[in-house]
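Worksheet for the structure shown next.
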Amino acid sequence: MTSTHFRHLLRGAALSLLTLTLAGLESSVTAQEMIDLPRDLEIELALSALPERLQADSTIYLLDPAKGYVLHREGQNGFATFVARTSIRFYSAAWPYSYPVDQLIPMAFDSVGIEHHMRPWFAIAKMRAEGVSAKDAKTKLQRDFRDGFYKAPVKGGLSYMLAPIHRAYMAPEISEEMITVSMPHYMPYAPYVTPAQLGNDTPMNGGPFVLNHGGKDSGPHGYMMFMLPTPKADGLRARYAPLLDKLCGLHDNWCLAKEE
């Protein structure tokens with residue numbers, strides 16, 4: 001699915017309050033478990049979040065379901081990458097949270113993001129691994145953000161999310177529905193920025209937009225989101241076509257919608 005298709009989905013979702021129907025999730029896993037992601041695919045998917053020039057010397061973390069994230073490779077270029085299987089983007093939402101079984105969010109951070117933005121992602125993965133209930137994990141995350149445990153960065157930086165596939169919440173501030181998309185993008189940090197400051201609140205209006213705003217502003221770990229230009233995004237999807245095929249073969253919800 002291209003970013004253009006994603007924009008059309010967002011437009012319809014805004015009108016219907018995101019009443020998308022999930023299809024193909026027929027699994028016996030429980031809320032504490034998750035669909036297995038083979039180690040070689042996890043590494044490739046994590047690296048795909050980064051520009052090719054940064055992949056060889058980046059730090060890689062892999063998920064140990066019994067511990068949380070563990071170091072797989074120590075890099076030297078200041079970037080770290082991993083595949084999030086449990087999201088933090090529900091923390092400001094009112095809807096009840098349950099651990100997703102099939103979430104895939106390949107993401108990479110620079111040194112600023114490692115110090116600040118990556119911490120809550122690793123914290124909730126650790127809580128899940130330790131058997132903390134989704135409800136209690138959400139409560140702790142809300143409290144930690146409210147009490148200033150997770151602070152805004154004091155200097156600029158950015159997160160890369162250039163992977164050819166994501167399965168994530170479409171608009172977690174108002175809905176727990178998830179969607180599988182291909183929308184390579186990158187995100188400079190933008191703490192406490194509001195959509196009004198940009199004059200834009202959705203990607204279908206063009207230009208950057210604020211991500212992670214769950215209230216009056218984007219919060220301490222807010223971002224501005226920039227889509228990769230279509231020709232480059234198409235090139236990434238072509239490069240990672242074998243990876244996409246393998247993921248689709250593992251689970252229906254890891255398949256991208258076919259072009260119409």
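Within each chain, counting starts at residue 1; across the structure tokens, chains are named A, B, ... in the order shown, with ligands numbered 1 upward in that order.
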
Would you kindly return, as number ranges by chain, each protein, DNA or RNA residue with an atom no farther than 10 Å from any atom of region 58-69 of chain A, considering only C-alpha atoms and excluding same-chain residues fewer than 5 positions away? A: 32-34, 36-37, 39, 42-43, 46-47, 50, 53, 74-85, 108-110, 121-131

Helix (DSSP H, G or I) positions in region 26-198 of chain A, given as a JSON list (two decimals) with all heavy atoms, in the first residue's frame:
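Just written: out-v8.json:
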[["chain", "number", "residue", "atom", "x", "y", "z"],
["A", 39, "ARG", "N", 14.13, -14.80, 13.75],
["A", 39, "ARG", "CA", 15.22, -13.91, 14.10],
["A", 39, "ARG", "C", 15.85, -13.24, 12.87],
["A", 39, "ARG", "O", 16.14, -12.04, 12.90],
["A", 39, "ARG", "CB", 16.28, -14.70, 14.89],
["A", 39, "ARG", "CG", 17.42, -13.86, 15.45],
["A", 39, "ARG", "CD", 16.94, -12.76, 16.37],
["A", 39, "ARG", "NE", 16.08, -13.19, 17.43],
["A", 39, "ARG", "CZ", 16.48, -13.52, 18.66],
["A", 39, "ARG", "NH1", 17.75, -13.46, 18.96],
["A", 39, "ARG", "NH2", 15.62, -13.88, 19.58],
["A", 40, "ASP", "N", 16.05, -14.00, 11.79],
["A", 40, "ASP", "CA", 16.67, -13.39, 10.61],
["A", 40, "ASP", "C", 15.79, -12.31, 10.00],
["A", 40, "ASP", "O", 16.28, -11.27, 9.54],
["A", 40, "ASP", "CB", 17.02, -14.46, 9.57],
["A", 40, "ASP", "CG", 15.80, -15.24, 9.09],
["A", 40, "ASP", "OD1", 14.80, -15.33, 9.83],
["A", 40, "ASP", "OD2", 15.85, -15.75, 7.95],
["A", 41, "LEU", "N", 14.47, -12.54, 10.03],
["A", 41, "LEU", "CA", 13.55, -11.52, 9.51],
["A", 41, "LEU", "C", 13.47, -10.32, 10.44],
["A", 41, "LEU", "O", 13.34, -9.19, 9.98],
["A", 41, "LEU", "CB", 12.16, -12.12, 9.30],
["A", 41, "LEU", "CG", 12.03, -13.23, 8.25],
["A", 41, "LEU", "CD1", 10.57, -13.59, 8.04],
["A", 41, "LEU", "CD2", 12.66, -12.81, 6.94],
["A", 42, "GLU", "N", 13.55, -10.56, 11.74],
["A", 42, "GLU", "CA", 13.54, -9.45, 12.69],
["A", 42, "GLU", "C", 14.75, -8.54, 12.47],
["A", 42, "GLU", "O", 14.62, -7.31, 12.50],
["A", 42, "GLU", "CB", 13.54, -9.98, 14.12],
["A", 42, "GLU", "CG", 13.40, -8.90, 15.17],
["A", 42, "GLU", "CD", 13.36, -9.44, 16.59],
["A", 42, "GLU", "OE1", 13.51, -10.67, 16.77],
["A", 42, "GLU", "OE2", 13.20, -8.63, 17.52],
["A", 43, "ILE", "N", 15.91, -9.12, 12.24],
["A", 43, "ILE", "CA", 17.11, -8.33, 11.99],
["A", 43, "ILE", "C", 16.98, -7.53, 10.70],
["A", 43, "ILE", "O", 17.26, -6.31, 10.66],
["A", 43, "ILE", "CB", 18.35, -9.25, 11.93],
["A", 43, "ILE", "CG1", 18.62, -9.87, 13.30],
["A", 43, "ILE", "CG2", 19.58, -8.47, 11.44],
["A", 43, "ILE", "CD1", 19.66, -10.97, 13.28],
["A", 44, "GLU", "N", 16.54, -8.18, 9.63],
["A", 44, "GLU", "CA", 16.40, -7.49, 8.35],
["A", 44, "GLU", "C", 15.36, -6.39, 8.43],
["A", 44, "GLU", "O", 15.55, -5.29, 7.89],
["A", 44, "GLU", "CB", 16.03, -8.48, 7.25],
["A", 44, "GLU", "CG", 16.01, -7.86, 5.87],
["A", 44, "GLU", "CD", 15.71, -8.85, 4.76],
["A", 44, "GLU", "OE1", 15.45, -10.04, 5.06],
["A", 44, "GLU", "OE2", 15.73, -8.43, 3.58],
["A", 45, "LEU", "N", 14.25, -6.67, 9.11],
["A", 45, "LEU", "CA", 13.19, -5.68, 9.24],
["A", 45, "LEU", "C", 13.65, -4.49, 10.07],
["A", 45, "LEU", "O", 13.36, -3.33, 9.74],
["A", 45, "LEU", "CB", 11.96, -6.34, 9.87],
["A", 45, "LEU", "CG", 10.65, -5.55, 9.88],
["A", 45, "LEU", "CD1", 10.25, -5.14, 8.46],
["A", 45, "LEU", "CD2", 9.54, -6.38, 10.53],
["A", 46, "ALA", "N", 14.37, -4.76, 11.15],
["A", 46, "ALA", "CA", 14.90, -3.68, 11.97],
["A", 46, "ALA", "C", 15.84, -2.78, 11.17],
["A", 46, "ALA", "O", 15.74, -1.55, 11.20],
["A", 46, "ALA", "CB", 15.62, -4.24, 13.20],
["A", 47, "LEU", "N", 16.74, -3.38, 10.42],
["A", 47, "LEU", "CA", 17.69, -2.60, 9.63],
["A", 47, "LEU", "C", 17.01, -1.80, 8.53],
["A", 47, "LEU", "O", 17.47, -0.72, 8.15],
["A", 47, "LEU", "CB", 18.75, -3.52, 9.03],
["A", 47, "LEU", "CG", 19.79, -4.07, 10.01],
["A", 47, "LEU", "CD1", 20.67, -5.11, 9.32],
["A", 47, "LEU", "CD2", 20.64, -2.95, 10.59],
["A", 52, "GLU", "N", 20.13, 3.01, 3.90],
["A", 52, "GLU", "CA", 21.10, 1.94, 3.63],
["A", 52, "GLU", "C", 22.50, 2.32, 4.12],
["A", 52, "GLU", "O", 23.24, 1.47, 4.64],
["A", 52, "GLU", "CB", 21.12, 1.63, 2.14],
["A", 52, "GLU", "CG", 21.87, 0.37, 1.78],
["A", 52, "GLU", "CD", 21.69, -0.04, 0.34],
["A", 52, "GLU", "OE1", 21.11, 0.75, -0.43],
["A", 52, "GLU", "OE2", 22.13, -1.16, -0.02],
["A", 53, "ARG", "N", 22.87, 3.58, 4.02],
["A", 53, "ARG", "CA", 24.22, 4.02, 4.40],
["A", 53, "ARG", "C", 24.48, 3.89, 5.90],
["A", 53, "ARG", "O", 25.64, 3.89, 6.33],
["A", 53, "ARG", "CB", 24.44, 5.47, 3.97],
["A", 53, "ARG", "CG", 23.50, 6.45, 4.64],
["A", 53, "ARG", "CD", 23.67, 7.88, 4.13],
["A", 53, "ARG", "NE", 22.65, 8.76, 4.66],
["A", 53, "ARG", "CZ", 22.69, 9.32, 5.85],
["A", 53, "ARG", "NH1", 23.74, 9.09, 6.64],
["A", 53, "ARG", "NH2", 21.72, 10.11, 6.27],
["A", 54, "LEU", "N", 23.43, 3.78, 6.71],
["A", 54, "LEU", "CA", 23.59, 3.70, 8.16],
["A", 54, "LEU", "C", 23.43, 2.28, 8.71],
["A", 54, "LEU", "O", 23.66, 2.05, 9.89],
["A", 54, "LEU", "CB", 22.57, 4.60, 8.86],
["A", 54, "LEU", "CG", 22.71, 6.10, 8.61],
["A", 54, "LEU", "CD1", 21.56, 6.86, 9.29],
["A", 54, "LEU", "CD2", 24.05, 6.62, 9.12],
["A", 55, "GLN", "N", 23.05, 1.34, 7.87],
["A", 55, "GLN", "CA", 22.69, 0.02, 8.37],
["A", 55, "GLN", "C", 23.87, -0.79, 8.87],
["A", 55, "GLN", "O", 23.77, -1.48, 9.89],
["A", 55, "GLN", "CB", 21.95, -0.76, 7.27],
["A", 55, "GLN", "CG", 20.60, -0.19, 6.92],
["A", 55, "GLN", "CD", 19.90, -0.96, 5.82],
["A", 55, "GLN", "OE1", 20.37, -2.01, 5.37],
["A", 55, "GLN", "NE2", 18.75, -0.45, 5.37],
["A", 111, "SER", "N", 21.24, 9.27, 18.61],
["A", 111, "SER", "CA", 21.66, 9.27, 20.02],
["A", 111, "SER", "C", 20.69, 10.01, 20.92],
["A", 111, "SER", "O", 20.47, 9.63, 22.08],
["A", 111, "SER", "CB", 23.07, 9.87, 20.15],
["A", 111, "SER", "OG", 23.09, 11.20, 19.65],
["A", 112, "VAL", "N", 20.07, 11.08, 20.41],
["A", 112, "VAL", "CA", 19.08, 11.82, 21.20],
["A", 112, "VAL", "C", 17.86, 10.96, 21.46],
["A", 112, "VAL", "O", 17.34, 10.89, 22.59],
["A", 112, "VAL", "CB", 18.68, 13.12, 20.47],
["A", 112, "VAL", "CG1", 17.54, 13.83, 21.22],
["A", 112, "VAL", "CG2", 19.87, 14.05, 20.34],
["A", 113, "GLY", "N", 17.39, 10.29, 20.44],
["A", 113, "GLY", "CA", 16.22, 9.42, 20.60],
["A", 113, "GLY", "C", 16.49, 8.22, 21.48],
["A", 113, "GLY", "O", 15.61, 7.77, 22.21],
["A", 114, "ILE", "N", 17.71, 7.70, 21.40],
["A", 114, "ILE", "CA", 18.08, 6.58, 22.27],
["A", 114, "ILE", "C", 17.97, 7.00, 23.74],
["A", 114, "ILE", "O", 17.48, 6.26, 24.59],
["A", 114, "ILE", "CB", 19.50, 6.08, 21.94],
["A", 114, "ILE", "CG1", 19.52, 5.41, 20.56],
["A", 114, "ILE", "CG2", 19.99, 5.10, 23.00],
["A", 114, "ILE", "CD1", 20.91, 5.12, 20.04],
["A", 115, "GLU", "N", 18.44, 8.20, 24.02],
["A", 115, "GLU", "CA", 18.42, 8.71, 25.40],
["A", 115, "GLU", "C", 17.01, 9.00, 25.88],
["A", 115, "GLU", "O", 16.72, 8.82, 27.07],
["A", 115, "GLU", "CB", 19.26, 9.98, 25.49],
["A", 115, "GLU", "CG", 19.34, 10.56, 26.88],
["A", 115, "GLU", "CD", 20.17, 11.84, 26.94],
["A", 115, "GLU", "OE1", 20.76, 12.21, 25.91],
["A", 115, "GLU", "OE2", 20.22, 12.46, 28.02],
["A", 118, "MET", "N", 13.41, 6.22, 22.94],
["A", 118, "MET", "CA", 13.43, 4.76, 22.91],
["A", 118, "MET", "C", 13.07, 4.13, 24.25],
["A", 118, "MET", "O", 12.58, 3.00, 24.33],
["A", 118, "MET", "CB", 14.81, 4.28, 22.46],
["A", 118, "MET", "CG", 14.85, 2.84, 21.98],
["A", 118, "MET", "SD", 16.41, 2.46, 21.11],
["A", 118, "MET", "CE", 17.52, 2.28, 22.50],
["A", 119, "ARG", "N", 13.28, 4.85, 25.32],
["A", 119, "ARG", "CA", 13.14, 4.29, 26.67],
["A", 119, "ARG", "C", 11.73, 3.74, 26.96],
["A", 119, "ARG", "O", 11.61, 2.62, 27.48],
["A", 119, "ARG", "CB", 13.54, 5.32, 27.71],
["A", 119, "ARG", "CG", 15.04, 5.63, 27.71],
["A", 119, "ARG", "CD", 15.36, 6.78, 28.63],
["A", 119, "ARG", "NE", 14.95, 6.50, 29.99],
["A", 119, "ARG", "CZ", 14.50, 7.42, 30.83],
["A", 119, "ARG", "NH1", 14.38, 8.69, 30.45],
["A", 119, "ARG", "NH2", 14.16, 7.08, 32.06],
["A", 120, "PRO", "N", 10.64, 4.48, 26.69],
["A", 120, "PRO", "CA", 9.33, 3.91, 27.00],
["A", 120, "PRO", "C", 8.98, 2.70, 26.14],
["A", 120, "PRO", "O", 8.25, 1.81, 26.59],
["A", 120, "PRO", "CB", 8.37, 5.07, 26.76],
["A", 120, "PRO", "CG", 9.11, 6.03, 25.90],
["A", 120, "PRO", "CD", 10.54, 5.89, 26.26],
["A", 121, "TRP", "N", 9.49, 2.64, 24.91],
["A", 121, "TRP", "CA", 9.25, 1.46, 24.07],
["A", 121, "TRP", "C", 9.89, 0.22, 24.70],
["A", 121, "TRP", "O", 9.29, -0.86, 24.72],
["A", 121, "TRP", "CB", 9.81, 1.69, 22.67],
["A", 121, "TRP", "CG", 9.09, 2.73, 21.88],
["A", 121, "TRP", "CD1", 9.36, 4.07, 21.84],
["A", 121, "TRP", "CD2", 7.96, 2.52, 21.02],
["A", 121, "TRP", "NE1", 8.47, 4.71, 21.00],
["A", 121, "TRP", "CE2", 7.61, 3.78, 20.49],
["A", 121, "TRP", "CE3", 7.23, 1.41, 20.65],
["A", 121, "TRP", "CZ2", 6.55, 3.96, 19.61],
["A", 121, "TRP", "CZ3", 6.17, 1.56, 19.77],
["A", 121, "TRP", "CH2", 5.84, 2.83, 19.26],
["A", 122, "PHE", "N", 11.09, 0.39, 25.21],
["A", 122, "PHE", "CA", 11.76, -0.74, 25.85],
["A", 122, "PHE", "C", 11.10, -1.06, 27.20],
["A", 122, "PHE", "O", 11.04, -2.23, 27.59],
["A", 122, "PHE", "CB", 13.25, -0.41, 26.05],
["A", 122, "PHE", "CG", 14.09, -0.68, 24.84],
["A", 122, "PHE", "CD1", 13.59, -0.49, 23.56],
["A", 122, "PHE", "CD2", 15.40, -1.09, 24.96],
["A", 122, "PHE", "CE1", 14.36, -0.72, 22.43],
["A", 122, "PHE", "CE2", 16.19, -1.33, 23.84],
["A", 122, "PHE", "CZ", 15.67, -1.15, 22.58],
["A", 123, "ALA", "N", 10.62, -0.04, 27.88],
["A", 123, "ALA", "CA", 9.99, -0.26, 29.19],
["A", 123, "ALA", "C", 8.73, -1.10, 29.07],
["A", 123, "ALA", "O", 8.51, -2.03, 29.85],
["A", 123, "ALA", "CB", 9.67, 1.08, 29.85],
["A", 124, "ILE", "N", 7.89, -0.80, 28.07],
["A", 124, "ILE", "CA", 6.65, -1.56, 27.96],
["A", 124, "ILE", "C", 6.91, -2.97, 27.46],
["A", 124, "ILE", "O", 6.23, -3.93, 27.86],
["A", 124, "ILE", "CB", 5.61, -0.84, 27.09],
["A", 124, "ILE", "CG1", 4.23, -1.48, 27.31],
["A", 124, "ILE", "CG2", 5.99, -0.86, 25.62],
["A", 124, "ILE", "CD1", 3.09, -0.70, 26.73],
["A", 125, "ALA", "N", 7.94, -3.16, 26.63],
["A", 125, "ALA", "CA", 8.30, -4.50, 26.20],
["A", 125, "ALA", "C", 8.76, -5.34, 27.40],
["A", 125, "ALA", "O", 8.44, -6.53, 27.51],
["A", 125, "ALA", "CB", 9.39, -4.44, 25.14],
["A", 126, "LYS", "N", 9.51, -4.71, 28.29],
["A", 126, "LYS", "CA", 9.97, -5.41, 29.48],
["A", 126, "LYS", "C", 8.81, -5.75, 30.40],
["A", 126, "LYS", "O", 8.73, -6.86, 30.95],
["A", 126, "LYS", "CB", 11.00, -4.56, 30.21],
["A", 126, "LYS", "CG", 11.68, -5.24, 31.40],
["A", 126, "LYS", "CD", 12.79, -4.36, 31.94],
["A", 126, "LYS", "CE", 13.61, -5.09, 33.01],
["A", 126, "LYS", "NZ", 12.83, -5.33, 34.24],
["A", 127, "MET", "N", 7.87, -4.81, 30.58],
["A", 127, "MET", "CA", 6.71, -5.08, 31.42],
["A", 127, "MET", "C", 5.90, -6.24, 30.84],
["A", 127, "MET", "O", 5.44, -7.12, 31.58],
["A", 127, "MET", "CB", 5.85, -3.83, 31.56],
["A", 127, "MET", "CG", 6.44, -2.79, 32.51],
["A", 127, "MET", "SD", 5.29, -1.42, 32.87],
["A", 127, "MET", "CE", 5.41, -0.45, 31.36],
["A", 128, "ARG", "N", 5.72, -6.24, 29.54],
["A", 128, "ARG", "CA", 4.96, -7.32, 28.91],
["A", 128, "ARG", "C", 5.67, -8.66, 29.13],
["A", 128, "ARG", "O", 5.04, -9.66, 29.46],
["A", 128, "ARG", "CB", 4.80, -7.05, 27.42],
["A", 128, "ARG", "CG", 4.01, -8.12, 26.67],
["A", 128, "ARG", "CD", 3.76, -7.71, 25.23],
["A", 128, "ARG", "NE", 2.95, -8.71, 24.54],
["A", 128, "ARG", "CZ", 2.46, -8.56, 23.32],
["A", 128, "ARG", "NH1", 2.71, -7.44, 22.63],
["A", 128, "ARG", "NH2", 1.72, -9.51, 22.75],
["A", 129, "ALA", "N", 6.98, -8.67, 28.95],
["A", 129, "ALA", "CA", 7.75, -9.90, 29.14],
["A", 129, "ALA", "C", 7.67, -10.40, 30.57],
["A", 129, "ALA", "O", 7.67, -11.61, 30.82],
["A", 129, "ALA", "CB", 9.21, -9.66, 28.76],
["A", 134, "ALA", "N", -1.68, -5.59, 30.61],
["A", 134, "ALA", "CA", -1.74, -4.45, 29.70],
["A", 134, "ALA", "C", -2.33, -3.23, 30.39],
["A", 134, "ALA", "O", -1.87, -2.11, 30.19],
["A", 134, "ALA", "CB", -2.55, -4.81, 28.46],
["A", 135, "LYS", "N", -3.33, -3.44, 31.21],
["A", 135, "LYS", "CA", -3.95, -2.34, 31.94],
["A", 135, "LYS", "C", -2.94, -1.67, 32.87],
["A", 135, "LYS", "O", -2.84, -0.43, 32.91],
["A", 135, "LYS", "CB", -5.15, -2.84, 32.74],
["A", 135, "LYS", "CG", -5.84, -1.76, 33.55],
["A", 135, "LYS", "CD", -7.03, -2.33, 34.32],
["A", 135, "LYS", "CE", -7.71, -1.25, 35.15],
["A", 135, "LYS", "NZ", -8.85, -1.81, 35.93],
["A", 136, "ASP", "N", -2.20, -2.47, 33.62],
["A", 136, "ASP", "CA", -1.22, -1.91, 34.55],
["A", 136, "ASP", "C", -0.06, -1.25, 33.82],
["A", 136, "ASP", "O", 0.48, -0.23, 34.27],
["A", 136, "ASP", "CB", -0.71, -2.99, 35.49],
["A", 136, "ASP", "CG", -1.75, -3.44, 36.51],
["A", 136, "ASP", "OD1", -2.76, -2.71, 36.66],
["A", 136, "ASP", "OD2", -1.57, -4.50, 37.12],
["A", 137, "ALA", "N", 0.34, -1.83, 32.68],
["A", 137, "ALA", "CA", 1.42, -1.24, 31.90],
["A", 137, "ALA", "C", 1.01, 0.13, 31.38],
["A", 137, "ALA", "O", 1.79, 1.08, 31.40],
["A", 137, "ALA", "CB", 1.80, -2.16, 30.74],
["A", 138, "LYS", "N", -0.23, 0.22, 30.92],
["A", 138, "LYS", "CA", -0.73, 1.51, 30.44],
["A", 138, "LYS", "C", -0.76, 2.53, 31.57],
["A", 138, "LYS", "O", -0.34, 3.69, 31.39],
["A", 138, "LYS", "CB", -2.12, 1.34, 29.83],
["A", 138, "LYS", "CG", -2.74, 2.66, 29.38],
["A", 138, "LYS", "CD", -4.11, 2.45, 28.77],
["A", 138, "LYS", "CE", -4.72, 3.78, 28.35],
["A", 138, "LYS", "NZ", -6.04, 3.62, 27.73],
["A", 139, "THR", "N", -1.24, 2.12, 32.73],
["A", 139, "THR", "CA", -1.31, 3.03, 33.88],
["A", 139, "THR", "C", 0.07, 3.55, 34.25],
["A", 139, "THR", "O", 0.26, 4.75, 34.51],
["A", 139, "THR", "CB", -1.95, 2.32, 35.08],
["A", 139, "THR", "OG1", -3.29, 1.94, 34.75],
["A", 139, "THR", "CG2", -1.97, 3.23, 36.30],
["A", 140, "LYS", "N", 1.06, 2.66, 34.26],
["A", 140, "LYS", "CA", 2.42, 3.08, 34.61],
["A", 140, "LYS", "C", 2.98, 4.03, 33.55],
["A", 140, "LYS", "O", 3.62, 5.04, 33.89],
["A", 140, "LYS", "CB", 3.34, 1.87, 34.76],
["A", 140, "LYS", "CG", 4.74, 2.27, 35.22],
["A", 140, "LYS", "CD", 5.64, 1.09, 35.49],
["A", 140, "LYS", "CE", 6.96, 1.46, 36.14],
["A", 140, "LYS", "NZ", 7.50, 2.76, 35.81],
["A", 141, "LEU", "N", 2.75, 3.73, 32.29],
["A", 141, "LEU", "CA", 3.25, 4.59, 31.23],
["A", 141, "LEU", "C", 2.61, 5.98, 31.32],
["A", 141, "LEU", "O", 3.29, 7.00, 31.19],
["A", 141, "LEU", "CB", 2.96, 3.95, 29.88],
["A", 141, "LEU", "CG", 3.85, 4.39, 28.72],
["A", 141, "LEU", "CD1", 5.30, 4.05, 28.98],
["A", 141, "LEU", "CD2", 3.39, 3.75, 27.43],
["A", 142, "GLN", "N", 1.30, 6.02, 31.56],
["A", 142, "GLN", "CA", 0.62, 7.31, 31.72],
["A", 142, "GLN", "C", 1.21, 8.09, 32.89],
["A", 142, "GLN", "O", 1.46, 9.30, 32.77],
["A", 142, "GLN", "CB", -0.88, 7.08, 31.94],
["A", 142, "GLN", "CG", -1.62, 6.60, 30.71],
["A", 142, "GLN", "CD", -3.08, 6.29, 31.02],
["A", 142, "GLN", "OE1", -3.40, 5.74, 32.08],
["A", 142, "GLN", "NE2", -3.96, 6.63, 30.10],
["A", 143, "ARG", "N", 1.43, 7.41, 33.99],
["A", 143, "ARG", "CA", 1.96, 8.08, 35.17],
["A", 143, "ARG", "C", 3.38, 8.59, 34.92],
["A", 143, "ARG", "O", 3.73, 9.71, 35.31],
["A", 143, "ARG", "CB", 1.96, 7.11, 36.36],
["A", 143, "ARG", "CG", 2.44, 7.74, 37.67],
["A", 143, "ARG", "CD", 2.28, 6.79, 38.84],
["A", 143, "ARG", "NE", 3.10, 5.59, 38.70],
["A", 143, "ARG", "CZ", 2.62, 4.37, 38.52],
["A", 143, "ARG", "NH1", 1.31, 4.17, 38.46],
["A", 143, "ARG", "NH2", 3.43, 3.33, 38.41],
["A", 144, "ASP", "N", 4.19, 7.79, 34.27],
["A", 144, "ASP", "CA", 5.58, 8.20, 34.02],
["A", 144, "ASP", "C", 5.66, 9.41, 33.10],
["A", 144, "ASP", "O", 6.51, 10.29, 33.29],
["A", 144, "ASP", "CB", 6.37, 7.03, 33.45],
["A", 144, "ASP", "CG", 6.68, 5.97, 34.50],
["A", 144, "ASP", "OD1", 6.53, 6.26, 35.70],
["A", 144, "ASP", "OD2", 7.07, 4.85, 34.12],
["A", 145, "PHE", "N", 4.78, 9.46, 32.09],
["A", 145, "PHE", "CA", 4.76, 10.65, 31.23],
["A", 145, "PHE", "C", 4.23, 11.85, 32.00],
["A", 145, "PHE", "O", 4.77, 12.96, 31.91],
["A", 145, "PHE", "CB", 3.92, 10.40, 29.98],
["A", 145, "PHE", "CG", 4.70, 9.83, 28.82],
["A", 145, "PHE", "CD1", 4.65, 8.48, 28.54],
["A", 145, "PHE", "CD2", 5.49, 10.64, 28.04],
["A", 145, "PHE", "CE1", 5.38, 7.95, 27.47],
["A", 145, "PHE", "CE2", 6.21, 10.13, 26.97],
["A", 145, "PHE", "CZ", 6.16, 8.77, 26.68],
["A", 146, "ARG", "N", 3.16, 11.64, 32.76],
["A", 146, "ARG", "CA", 2.56, 12.74, 33.51],
["A", 146, "ARG", "C", 3.53, 13.32, 34.54],
["A", 146, "ARG", "O", 3.59, 14.54, 34.73],
["A", 146, "ARG", "CB", 1.30, 12.25, 34.22],
["A", 146, "ARG", "CG", 0.53, 13.34, 34.98],
["A", 146, "ARG", "CD", -0.58, 12.73, 35.81],
["A", 146, "ARG", "NE", -0.06, 11.92, 36.89],
["A", 146, "ARG", "CZ", -0.39, 10.64, 37.09],
["A", 146, "ARG", "NH1", -1.24, 10.03, 36.29],
["A", 146, "ARG", "NH2", 0.13, 9.96, 38.11],
["A", 195, "PRO", "N", -0.74, 20.77, 16.06],
["A", 195, "PRO", "CA", -1.10, 20.81, 14.64],
["A", 195, "PRO", "C", -1.35, 22.23, 14.15],
["A", 195, "PRO", "O", -1.05, 22.57, 13.01],
["A", 195, "PRO", "CB", -2.37, 19.96, 14.58],
["A", 195, "PRO", "CG", -2.26, 19.03, 15.75],
["A", 195, "PRO", "CD", -1.58, 19.83, 16.82],
["A", 196, "ALA", "N", -1.90, 23.08, 15.03],
["A", 196, "ALA", "CA", -2.20, 24.46, 14.63],
["A", 196, "ALA", "C", -0.93, 25.22, 14.25],
["A", 196, "ALA", "O", -0.95, 26.08, 13.36],
["A", 196, "ALA", "CB", -2.92, 25.19, 15.76],
["A", 197, "GLN", "N", 0.17, 24.91, 14.92],
["A", 197, "GLN", "CA", 1.43, 25.58, 14.60],
["A", 197, "GLN", "C", 1.89, 25.26, 13.18],
["A", 197, "GLN", "O", 2.52, 26.07, 12.52],
["A", 197, "GLN", "CB", 2.52, 25.18, 15.60],
["A", 197, "GLN", "CG", 2.35, 25.82, 16.98],
["A", 197, "GLN", "CD", 3.37, 25.30, 17.95],
["A", 197, "GLN", "OE1", 3.25, 24.21, 18.51],
["A", 197, "GLN", "NE2", 4.42, 26.08, 18.17],
["A", 198, "LEU", "N", 1.58, 24.05, 12.73],
["A", 198, "LEU", "CA", 1.96, 23.64, 11.38],
["A", 198, "LEU", "C", 0.88, 23.98, 10.36],
["A", 198, "LEU", "O", 1.14, 24.01, 9.17],
["A", 198, "LEU", "CB", 2.21, 22.13, 11.33],
["A", 198, "LEU", "CG", 3.44, 21.61, 12.09],
["A", 198, "LEU", "CD1", 3.52, 20.10, 11.93],
["A", 198, "LEU", "CD2", 4.70, 22.26, 11.58]]

List every residue of region 83-218 of chain A that DSSP, applied to the backbone of this structure, places in strand (DSSP E), and write the result as a list in words. Val83, Ala84, Ile105, Pro106, Met107, Ala108, Phe109, Leu158, Ser159, Tyr160, Met161, His166, Arg167, Ala168, Tyr169, Met178, Ile179, Thr180, Val181, His185, Tyr186, Met187, Pro188, Phe209, Val210 and Leu211 of chain A

Using only C-alpha atoms, find each residue of region 151-236 of chain A with at least one atom at most 10 Å away from an atom of region 244-257 of chain A; report its shortest atom-to-atom pair and that distance in Å (one decimal), sort the rows by chain and rising residue number, and return the result as a tab-separated table.
residue	atom	partner	partner_atom	distance
A:Pro164	CA	A:Leu244	CA	7.7
A:Ile165	CA	A:Leu244	CA	7.6
A:His166	CA	A:Trp254	CA	8.4
A:Arg167	CA	A:Trp254	CA	7.3
A:Met178	CA	A:Asn253	CA	9.7
A:Ile179	CA	A:Asn253	CA	8.3
A:Thr180	CA	A:Leu256	CA	6.3
A:Val181	CA	A:Leu256	CA	6.3
A:Ser182	CA	A:Leu256	CA	7.2

Create the file for the chosen residues now, containing C-alpha atoms and written as a PDB file, in the first residue's frame.
ATOM      1  CA  PRO A 164       8.595  -1.043   3.679  1.00  0.00           C
ATOM      2  CA  ILE A 165       5.888  -2.259   6.069  1.00  0.00           C
ATOM      3  CA  HIS A 166       4.314  -1.281   9.381  1.00  0.00           C
ATOM      4  CA  ARG A 167       1.412  -2.776  11.271  1.00  0.00           C
ATOM      5  CA  MET A 178      -4.761  -1.457  13.497  1.00  0.00           C
ATOM      6  CA  ILE A 179      -3.754  -1.369   9.859  1.00  0.00           C
ATOM      7  CA  THR A 180      -0.925  -2.727   7.721  1.00  0.00           C
ATOM      8  CA  VAL A 181       0.653  -0.090   5.470  1.00  0.00           C
ATOM      9  CA  SER A 182       3.761   0.763   3.508  1.00  0.00           C
TER      10      SER A 182
END

Give me, as an MDAnalysis selection string, all polymer residues having an atom no more than 8 Å from region 232-239 of chain A, counting only C-alpha atoms and skipping those fewer than 6 positions away in the same chain. chainID A and resid 163:164 183:184

Best match for closeness to Thr86 (chain A) among A:Phe149, A:Ala168, A:Pro38, A:Leu71, counting only C-alpha atoms: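 Checking each candidate against Thr86 (chain A), we get A:Ala168 as the closest.
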
Could you state the separation of CA of Pro229 (chain A) and CA of His185 (chain A) in Å, given to one decimal place?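 A separation of 8.8 Å between them.
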